[in-house]
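Student: Structure in structure tokens, see below.
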Amino acid sequence: MRKTITDIQQMKARGEPIAMLTAYDSVTAALFDSAGIPILLVGDSLGDNVLGFGSTIPVTLDDMVRHTAAVARGAQSALIVADMPFLTYATLDMAVTAARRLMQEGGAQAVKLEGGQAMTPIVRRLVECGVPVMGHLGYTPQSAHVFGKVRVQGRSAAAARRLIEDALALEEAGAFALVLELVPAQLAAAITERLRIPTIGIGAGPYCDGQVQVSTDMLGLRDDFKPRHARRFAELAPIIRAAAAAYIAAVSERSFPSDEHSSRMDEAALREALEGLS
Ligand code: KIV
């Protein structure tokens with residue numbers, strides 16, 4: 001049975017930590033799902049983690065629909081949350097169209113969008129239309145050019161107060177959960193205490209109701225990139241590179257493929273096929 005937003009909210013009520021991972025394809029989604037992950041986020045981090053862009057900004061709605069559908073085909077149990085890409089929720093109508101595509105064509109059960117009080121009319125409209133919405137506050141990568149630099153948000157009293165007010169406003173507008181990215185741990189704790197909905201942190205300390213990691217970071221797939229907030233639960237980059245090198249060597253020395261990886265045909269049929277050919 002697929003997890004629902006109620007299941008996720010009950011985890012907060014029971015004090016059970018919520019793990020979320022990003023996924024972008026059906027194979028990885030199936031692996032994470034069989035490990036028991038309750039939420040898969042098809043993040044627009046697709047842009048910098050899979051598509052080779054430098055940020056999330058070039059990611060289009062078509063990209064997100066395609067990858068969300070792949071994840072939905074791979075995962076049977078996890079709740080699938082899809083990111084609304086950059087500027088696809090600038091107006092109410094655009095937001096409804098984007099959410100419709102992510103849910104109808106992509107098979108997501110919920111969407112995520114970035115921003116605070118300014119986004120509450122959008123959140124309210126989507127929720128009225130039957131779309132579960134996850135909020136995202138703190139460092140919001142779609143605003144990379146406004147921030148100028150990736151840095152922890154809400155360190156000053158005024159900025160912290162604004163984040164608390166944004167979080168309360170998103171809850172009031174109907175968001176079912178909230179990602180807090182790059183926020184001081186004590187501020188994330190203060191927000192988490194004040195909300196009925198679960199907070200899911202990334203670089204926001206241990207006091208959130210849940211944690212999210214970008215799967216390429218968590219798996220150690222990019223050995224040139226290790227953000228401070230990420231822990232490598234595996235080191236796959238050297239394993240994959242060694243496997244590729246072993247494959248190249250096997251092809252070079254003709255030890256692959258062997259009979260075991262090949263098929264044969266009846267010799268008479270081959271002779272007949274070759275008859276008359278030079
Ligand atoms: O796109 C993404 O991966 C995200 C997470 C960092 C929360 O939004």
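FYI, nothing fancy with the structure tokens labels: chains A, B, ... in order, residues from 1 per chain, ligands from 1 as they appear.
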Residues at most 6 Å from ligand 1, using only C-alpha atoms and all ligand atoms? Could they come as a VMD selection string?
Tutor: chain A and resid 22 43 to 45 214
Student: Those residues with all heavy atoms, as a PDB file, in the first residue's frame please?
Tutor:
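This went into part21.pdb:
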ATOM      1  N   THR A  22      15.921  11.882  -2.266  1.00  0.00           N
ATOM      2  CA  THR A  22      15.571  12.233  -3.637  1.00  0.00           C
ATOM      3  C   THR A  22      15.754  10.999  -4.518  1.00  0.00           C
ATOM      4  O   THR A  22      16.605  10.144  -4.240  1.00  0.00           O
ATOM      5  CB  THR A  22      16.438  13.382  -4.192  1.00  0.00           C
ATOM      6  OG1 THR A  22      17.792  12.946  -4.289  1.00  0.00           O
ATOM      7  CG2 THR A  22      16.341  14.624  -3.321  1.00  0.00           C
ATOM      8  N   GLY A  43      13.269  15.614  -6.765  1.00  0.00           N
ATOM      9  CA  GLY A  43      13.712  16.995  -6.566  1.00  0.00           C
ATOM     10  C   GLY A  43      14.131  17.605  -7.892  1.00  0.00           C
ATOM     11  O   GLY A  43      14.591  16.912  -8.800  1.00  0.00           O
ATOM     12  N   ASP A  44      14.003  18.938  -7.945  1.00  0.00           N
ATOM     13  CA  ASP A  44      14.539  19.596  -9.141  1.00  0.00           C
ATOM     14  C   ASP A  44      16.068  19.682  -9.048  1.00  0.00           C
ATOM     15  O   ASP A  44      16.732  20.172  -9.967  1.00  0.00           O
ATOM     16  CB  ASP A  44      13.888  20.962  -9.401  1.00  0.00           C
ATOM     17  CG  ASP A  44      14.045  21.928  -8.237  1.00  0.00           C
ATOM     18  OD1 ASP A  44      14.610  21.536  -7.196  1.00  0.00           O
ATOM     19  OD2 ASP A  44      13.590  23.082  -8.379  1.00  0.00           O
ATOM     20  N   SER A  45      16.627  19.118  -7.966  1.00  0.00           N
ATOM     21  CA  SER A  45      18.076  18.882  -7.913  1.00  0.00           C
ATOM     22  C   SER A  45      18.463  17.901  -9.019  1.00  0.00           C
ATOM     23  O   SER A  45      19.654  17.658  -9.249  1.00  0.00           O
ATOM     24  CB  SER A  45      18.488  18.333  -6.537  1.00  0.00           C
ATOM     25  OG  SER A  45      17.679  17.235  -6.168  1.00  0.00           O
ATOM     26  N   VAL A 214      19.995  14.434  -0.588  1.00  0.00           N
ATOM     27  CA  VAL A 214      20.060  14.271  -2.039  1.00  0.00           C
ATOM     28  C   VAL A 214      20.774  12.939  -2.277  1.00  0.00           C
ATOM     29  O   VAL A 214      21.867  12.705  -1.733  1.00  0.00           O
ATOM     30  CB  VAL A 214      20.805  15.465  -2.675  1.00  0.00           C
ATOM     31  CG1 VAL A 214      21.046  15.233  -4.158  1.00  0.00           C
ATOM     32  CG2 VAL A 214      20.008  16.755  -2.455  1.00  0.00           C
TER      33      VAL A 214
END
Student: So which residues of range 42-274 of chain A fall under strand (DSSP E or B) by DSSP, listed as a ChimeraX atom specification?
Tutor: /A:42,79-83,110-112,133-138,177-181,199-202,210-213
Student: Hey, what does DSSP flag as helix (DSSP H, G or I) within range 78-129 of chain A? Can you give it to me as a short mmCIF file (atom, residue, chain, number, x, y, z; two decimals) with N, CA and C atoms, in the first residue's frame?
Tutor:
data_model
loop_
_atom_site.label_atom_id
_atom_site.label_comp_id
_atom_site.auth_asym_id
_atom_site.auth_seq_id
_atom_site.Cartn_x
_atom_site.Cartn_y
_atom_site.Cartn_z
N LEU A 92 -1.49 31.58 -10.08
CA LEU A 92 -2.36 30.48 -9.63
C LEU A 92 -2.60 29.50 -10.78
N ASP A 93 -2.89 30.03 -11.96
CA ASP A 93 -3.20 29.15 -13.10
C ASP A 93 -2.00 28.28 -13.48
N MET A 94 -0.83 28.90 -13.49
CA MET A 94 0.37 28.13 -13.81
C MET A 94 0.59 27.02 -12.78
N ALA A 95 0.37 27.36 -11.53
CA ALA A 95 0.60 26.37 -10.46
C ALA A 95 -0.37 25.20 -10.60
N VAL A 96 -1.62 25.50 -10.93
CA VAL A 96 -2.61 24.42 -11.08
C VAL A 96 -2.22 23.53 -12.26
N THR A 97 -1.80 24.15 -13.35
CA THR A 97 -1.39 23.36 -14.53
C THR A 97 -0.19 22.49 -14.21
N ALA A 98 0.81 23.07 -13.54
CA ALA A 98 2.03 22.30 -13.22
C ALA A 98 1.69 21.14 -12.30
N ALA A 99 0.88 21.41 -11.28
CA ALA A 99 0.53 20.34 -10.33
C ALA A 99 -0.29 19.25 -11.03
N ARG A 100 -1.19 19.68 -11.93
CA ARG A 100 -1.99 18.69 -12.66
C ARG A 100 -1.08 17.76 -13.45
N ARG A 101 -0.10 18.32 -14.14
CA ARG A 101 0.79 17.47 -14.95
C ARG A 101 1.63 16.54 -14.07
N LEU A 102 2.15 17.08 -12.96
CA LEU A 102 3.00 16.25 -12.09
C LEU A 102 2.20 15.11 -11.48
N MET A 103 0.92 15.35 -11.21
CA MET A 103 0.11 14.29 -10.59
C MET A 103 -0.52 13.37 -11.64
N GLN A 104 -1.10 13.96 -12.70
CA GLN A 104 -1.78 13.11 -13.69
C GLN A 104 -0.79 12.37 -14.59
N GLU A 105 0.18 13.08 -15.12
CA GLU A 105 1.12 12.43 -16.05
C GLU A 105 2.30 11.81 -15.31
N GLN A 117 5.62 33.45 2.90
CA GLN A 117 4.29 34.05 2.92
C GLN A 117 3.78 34.43 1.53
N ALA A 118 4.67 34.83 0.64
CA ALA A 118 4.25 35.22 -0.72
C ALA A 118 3.62 34.04 -1.46
N MET A 119 3.94 32.83 -1.04
CA MET A 119 3.44 31.63 -1.74
C MET A 119 2.12 31.12 -1.15
N THR A 120 1.64 31.75 -0.07
CA THR A 120 0.46 31.15 0.59
C THR A 120 -0.79 31.15 -0.31
N PRO A 121 -1.03 32.16 -1.17
CA PRO A 121 -2.21 32.05 -2.06
C PRO A 121 -2.11 30.83 -2.99
N ILE A 122 -0.87 30.54 -3.43
CA ILE A 122 -0.66 29.39 -4.34
C ILE A 122 -0.92 28.09 -3.56
N VAL A 123 -0.36 28.01 -2.37
CA VAL A 123 -0.54 26.79 -1.56
C VAL A 123 -2.03 26.58 -1.29
N ARG A 124 -2.70 27.66 -0.90
CA ARG A 124 -4.13 27.55 -0.56
C ARG A 124 -4.92 27.06 -1.77
N ARG A 125 -4.64 27.63 -2.94
CA ARG A 125 -5.39 27.26 -4.17
C ARG A 125 -5.15 25.78 -4.51
N LEU A 126 -3.88 25.36 -4.43
CA LEU A 126 -3.58 23.96 -4.77
C LEU A 126 -4.28 23.02 -3.79
N VAL A 127 -4.22 23.36 -2.51
CA VAL A 127 -4.85 22.49 -1.51
C VAL A 127 -6.37 22.44 -1.75
N GLU A 128 -6.97 23.59 -2.09
CA GLU A 128 -8.42 23.62 -2.41
C GLU A 128 -8.72 22.71 -3.59
#
Student: Which residue out of A:Glu193, A:Glu114, A:Asp224, A:Glu235 has the minimum interatomic distance to Leu170 in chain A when only C-alpha atoms are used?
Tutor: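 The closest residue to Leu170 in chain A is A:Glu114.
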Student: How far is it from CA of Val179 in chain A to CA of Pro17 in chain A, in Å with one decimal?
Tutor: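 Result for CA of Val179 in chain A versus CA of Pro17 in chain A: 13.8 Å, one decimal.
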Student: Give me, please, the distance in Å between CA of Ala160 in chain A and CA of Leu187 in chain A, quoted to one decimal.
Tutor: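 Separating CA of Ala160 in chain A from CA of Leu187 in chain A is a distance of 6.8 Å.
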Student: Which of these, A:Thr140, A:Ser263, A:Thr28, A:Gln211, has the shortest distance to Thr199 in chain A once you count only C-alpha atoms?
Tutor: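 Nearest to Thr199 in chain A: A:Gln211.
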Student: For Tyr207 in chain A, which residue among A:Ile18, A:Ile5, A:Ala82, A:Val27 is the nearest when counting only C-alpha atoms?
Tutor: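 The answer is A:Ile18, which sits nearest to Tyr207 in chain A.
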Student: From the options A:Gly203, A:Arg14, A:Ser215, A:Val150, which residue's atoms come nearest to Phe32 in chain A, counting only C-alpha atoms?
Tutor: A:Ser215
